[in-house]
>>> print(open('input.pdb').read())   # PDB, C-alpha atoms
ATOM      1  CA  MET A   1     -13.642 122.334 -53.348  1.00  0.00           C
ATOM      2  CA  ASP A   2     -14.590 124.614 -50.455  1.00  0.00           C
ATOM      3  CA  GLY A   3     -12.669 127.777 -51.286  1.00  0.00           C
ATOM      4  CA  PRO A   4     -12.451 129.899 -54.393  1.00  0.00           C
ATOM      5  CA  GLU A   5     -11.132 128.305 -57.588  1.00  0.00           C
ATOM      6  CA  LEU A   6      -7.533 128.760 -58.604  1.00  0.00           C
ATOM      7  CA  SER A   7      -6.790 131.133 -61.414  1.00  0.00           C
ATOM      8  CA  LYS A   8      -5.305 129.837 -64.673  1.00  0.00           C
ATOM      9  CA  GLN A   9      -1.850 131.143 -63.711  1.00  0.00           C
ATOM     10  CA  GLU A  10      -2.032 129.494 -60.277  1.00  0.00           C
ATOM     11  CA  ARG A  11      -3.039 126.166 -61.852  1.00  0.00           C
ATOM     12  CA  MET A  12      -0.078 126.404 -64.257  1.00  0.00           C
ATOM     13  CA  ILE A  13       2.305 127.105 -61.381  1.00  0.00           C
ATOM     14  CA  LEU A  14       0.836 124.210 -59.394  1.00  0.00           C
ATOM     15  CA  ASN A  15       1.177 121.884 -62.411  1.00  0.00           C
ATOM     16  CA  ASP A  16       4.835 122.933 -62.813  1.00  0.00           C
ATOM     17  CA  ILE A  17       5.544 122.216 -59.146  1.00  0.00           C
ATOM     18  CA  GLU A  18       3.833 118.822 -59.348  1.00  0.00           C
ATOM     19  CA  GLY A  19       5.781 117.990 -62.510  1.00  0.00           C
ATOM     20  CA  ASP A  20       9.068 118.867 -60.807  1.00  0.00           C
ATOM     21  CA  LEU A  21       8.162 116.691 -57.842  1.00  0.00           C
ATOM     22  CA  ARG A  22       7.244 113.757 -60.101  1.00  0.00           C
ATOM     23  CA  ALA A  23      10.583 114.093 -61.926  1.00  0.00           C
ATOM     24  CA  ASP A  24      12.528 113.560 -58.671  1.00  0.00           C
ATOM     25  CA  ARG A  25      13.068 109.785 -58.710  1.00  0.00           C
ATOM     26  CA  ARG A  26      14.455 109.569 -55.178  1.00  0.00           C
ATOM     27  CA  LEU A  27      11.451 111.388 -53.731  1.00  0.00           C
ATOM     28  CA  ASP A  28       9.063 109.326 -55.837  1.00  0.00           C
ATOM     29  CA  ARG A  29      10.607 106.023 -54.663  1.00  0.00           C
ATOM     30  CA  ARG A  30      10.582 107.191 -51.057  1.00  0.00           C
ATOM     31  CA  LEU A  31       6.926 108.189 -51.241  1.00  0.00           C
ATOM     32  CA  ARG A  32       5.975 104.892 -52.929  1.00  0.00           C
ATOM     33  CA  THR A  33       7.722 102.815 -50.266  1.00  0.00           C
ATOM     34  CA  LEU A  34       6.652 104.943 -47.322  1.00  0.00           C
ATOM     35  CA  ARG A  35       5.091 102.748 -44.669  1.00  0.00           C
ATOM     36  CA  ARG A  36       4.088 103.313 -41.124  1.00  0.00           C
ATOM     37  CA  GLY A  37       6.720 101.950 -38.782  1.00  0.00           C
ATOM     38  CA  ILE A  38       6.750 101.278 -35.076  1.00  0.00           C
ATOM     39  CA  ARG A  39       6.799 105.026 -34.634  1.00  0.00           C
ATOM     40  CA  PRO A  40       5.622 107.378 -37.383  1.00  0.00           C
ATOM     41  CA  TRP A  41       9.152 108.712 -37.946  1.00  0.00           C
ATOM     42  CA  THR A  42      10.830 105.339 -38.444  1.00  0.00           C
ATOM     43  CA  GLY A  43      10.915 102.937 -41.376  1.00  0.00           C
ATOM     44  CA  SER A  44       8.672  99.976 -41.937  1.00  0.00           C
ATOM     45  CA  TRP A  45       7.939  97.118 -39.564  1.00  0.00           C
ATOM     46  CA  ARG A  46      10.180  94.970 -41.723  1.00  0.00           C
ATOM     47  CA  SER A  47      13.174  97.227 -41.197  1.00  0.00           C
ATOM     48  CA  ALA A  48      12.502  97.224 -37.452  1.00  0.00           C
ATOM     49  CA  LEU A  49      12.443  93.418 -37.470  1.00  0.00           C
ATOM     50  CA  THR A  50      15.678  93.379 -39.455  1.00  0.00           C
ATOM     51  CA  HIS A  51      17.294  95.626 -36.846  1.00  0.00           C
ATOM     52  CA  ARG A  52      16.064  93.334 -34.077  1.00  0.00           C
ATOM     53  CA  LEU A  53      17.364  90.309 -35.943  1.00  0.00           C
ATOM     54  CA  GLY A  54      20.730  92.023 -36.289  1.00  0.00           C
ATOM     55  CA  LEU A  55      20.829  92.799 -32.579  1.00  0.00           C
ATOM     56  CA  CYS A  56      19.859  89.220 -31.670  1.00  0.00           C
ATOM     57  CA  THR A  57      22.516  87.875 -34.034  1.00  0.00           C
ATOM     58  CA  CYS A  58      25.170  90.046 -32.391  1.00  0.00           C
ATOM     59  CA  LEU A  59      24.118  88.940 -28.928  1.00  0.00           C
ATOM     60  CA  LEU A  60      24.090  85.286 -29.987  1.00  0.00           C
ATOM     61  CA  ALA A  61      27.560  85.683 -31.515  1.00  0.00           C
ATOM     62  CA  ILE A  62      28.886  87.147 -28.262  1.00  0.00           C
ATOM     63  CA  ALA A  63      27.297  84.332 -26.252  1.00  0.00           C
ATOM     64  CA  SER A  64      28.690  81.745 -28.695  1.00  0.00           C
ATOM     65  CA  THR A  65      32.170  83.207 -28.357  1.00  0.00           C
ATOM     66  CA  ALA A  66      31.949  83.131 -24.571  1.00  0.00           C
ATOM     67  CA  LEU A  67      30.739  79.515 -24.620  1.00  0.00           C
ATOM     68  CA  PHE A  68      33.499  78.582 -27.068  1.00  0.00           C
ATOM     69  CA  VAL A  69      36.160  80.018 -24.785  1.00  0.00           C
ATOM     70  CA  ARG A  70      34.602  78.245 -21.815  1.00  0.00           C
ATOM     71  CA  ALA A  71      34.371  74.947 -23.759  1.00  0.00           C
ATOM     72  CA  VAL A  72      38.030  75.113 -24.778  1.00  0.00           C
ATOM     73  CA  ALA A  73      39.125  75.904 -21.239  1.00  0.00           C
ATOM     74  CA  THR A  74      37.099  73.156 -19.529  1.00  0.00           C
ATOM     75  CA  ALA A  75      36.623  70.539 -22.292  1.00  0.00           C
ATOM     76  CA  ALA A  76      33.326  69.558 -20.631  1.00  0.00           C
ATOM     77  CA  PRO A  77      30.944  67.779 -23.024  1.00  0.00           C
ATOM     78  CA  VAL A  78      27.904  69.713 -21.804  1.00  0.00           C
ATOM     79  CA  VAL A  79      29.517  73.070 -22.568  1.00  0.00           C
ATOM     80  CA  LEU A  80      30.647  71.798 -25.974  1.00  0.00           C
ATOM     81  CA  TRP A  81      27.102  70.718 -26.842  1.00  0.00           C
ATOM     82  CA  LEU A  82      25.687  74.033 -25.612  1.00  0.00           C
ATOM     83  CA  PHE A  83      28.176  75.862 -27.804  1.00  0.00           C
ATOM     84  CA  ALA A  84      27.278  73.681 -30.801  1.00  0.00           C
ATOM     85  CA  GLY A  85      23.564  74.342 -30.385  1.00  0.00           C
ATOM     86  CA  LEU A  86      24.028  78.053 -29.887  1.00  0.00           C
ATOM     87  CA  TRP A  87      26.371  78.264 -32.851  1.00  0.00           C
ATOM     88  CA  VAL A  88      23.772  76.649 -35.133  1.00  0.00           C
ATOM     89  CA  LEU A  89      21.185  79.177 -33.955  1.00  0.00           C
ATOM     90  CA  THR A  90      23.647  82.034 -34.507  1.00  0.00           C
ATOM     91  CA  ALA A  91      24.527  80.824 -38.006  1.00  0.00           C
ATOM     92  CA  THR A  92      20.821  80.519 -38.895  1.00  0.00           C
ATOM     93  CA  CYS A  93      20.124  84.080 -37.742  1.00  0.00           C
ATOM     94  CA  LEU A  94      23.153  85.323 -39.659  1.00  0.00           C
ATOM     95  CA  LEU A  95      21.945  83.560 -42.803  1.00  0.00           C
ATOM     96  CA  LEU A  96      18.470  85.116 -42.438  1.00  0.00           C
ATOM     97  CA  LEU A  97      20.031  88.528 -41.959  1.00  0.00           C
ATOM     98  CA  LEU A  98      22.202  88.139 -45.053  1.00  0.00           C
ATOM     99  CA  CYS A  99      19.225  86.953 -47.127  1.00  0.00           C
ATOM    100  CA  ARG A 100      17.178  89.999 -46.110  1.00  0.00           C
ATOM    101  CA  TRP A 101      20.103  92.297 -46.809  1.00  0.00           C
ATOM    102  CA  GLY A 102      20.589  90.789 -50.258  1.00  0.00           C
ATOM    103  CA  ARG A 103      16.883  90.946 -51.069  1.00  0.00           C
ATOM    104  CA  ASP A 104      16.726  94.608 -50.032  1.00  0.00           C
ATOM    105  CA  ARG A 105      19.811  95.451 -52.101  1.00  0.00           C
ATOM    106  CA  PHE A 106      18.406  93.635 -55.138  1.00  0.00           C
ATOM    107  CA  SER A 107      15.005  95.333 -54.887  1.00  0.00           C
ATOM    108  CA  ALA A 108      16.622  98.753 -54.403  1.00  0.00           C
ATOM    109  CA  ARG A 109      18.812  98.199 -57.473  1.00  0.00           C
ATOM    110  CA  SER A 110      15.908  97.101 -59.672  1.00  0.00           C
ATOM    111  CA  SER A 111      13.710 100.124 -58.860  1.00  0.00           C
TER     112      SER A 111
END
>>> encode(input="input.pdb", output="structure tokens")
Amino acid sequence: MDGPELSKQERMILNDIEGDLRADRRLDRRLRTLRRGIRPWTGSWRSALTHRLGLCTCLLAIASTALFVRAVATAAPVVLWLFAGLWVLTATCLLLLLCRWGRDRFSARSS
């Protein structure tokens, strides 16, 4: 320690403050799970990837809907196959997103 020692009363006050902070479960959980994100003020890399996956899933769903409308209007086999392939990709991304959401909810409930 570089500076002067704390007095007995100051140490007691500091211990009380630390005890109050340890008793706050929400703060304790937040400090335990604090990770460096893409930027220091954001969440973890995992949450950023989940947000990107959600955005990609939304964009794929919009593209699938547009291809579906086009496939119904034209009844061209190529457009139908494109829609089928894109729909499988969209459903896979949606399933991954739901699995991550469920895992995060389960881990948050257990802690």
>>> residues_around(input="input.pdb", residues="range 56-63 of chain A", least_positions_apart="4", cutoff="7 Å", atoms="all atoms listed in the file", output="list in words")
Arg52, Leu67, Thr90, Cys93 and Leu94 of chain A
>>> residues_around(input="input.pdb", residues="Ala66 in chain A", least_positions_apart="6", cutoff="12 Å", atoms="only C-alpha atoms", output="list in words")
Leu59, Leu60, Val72, Ala73, Val79, Leu80, Leu82, Phe83, Leu86 and Trp87 of chain A
>>> atom_distance(input="input.pdb", atom1="CA of Leu96 in chain A", atom2="CA of Leu53 in chain A")
8.4 Å
>>> closest_residue(input="input.pdb", among="A:Glu5, A:Leu31, A:Leu14, A:Thr50", to="Cys99 in chain A", atoms="only C-alpha atoms")
A:Thr50
>>> closest_residue(input="input.pdb", among="A:Leu21, A:Asp28, A:Asn15, A:Thr33", to="Ser107 in chain A", atoms="all atoms listed in the file")
A:Thr33
>>> atom_distance(input="input.pdb", atom1="CA of Arg30 in chain A", atom2="CA of Gly54 in chain A")
23.5 Å
>>> atom_distance(input="input.pdb", atom1="CA of Ala91 in chain A", atom2="CA of Ser64 in chain A")
10.2 Å
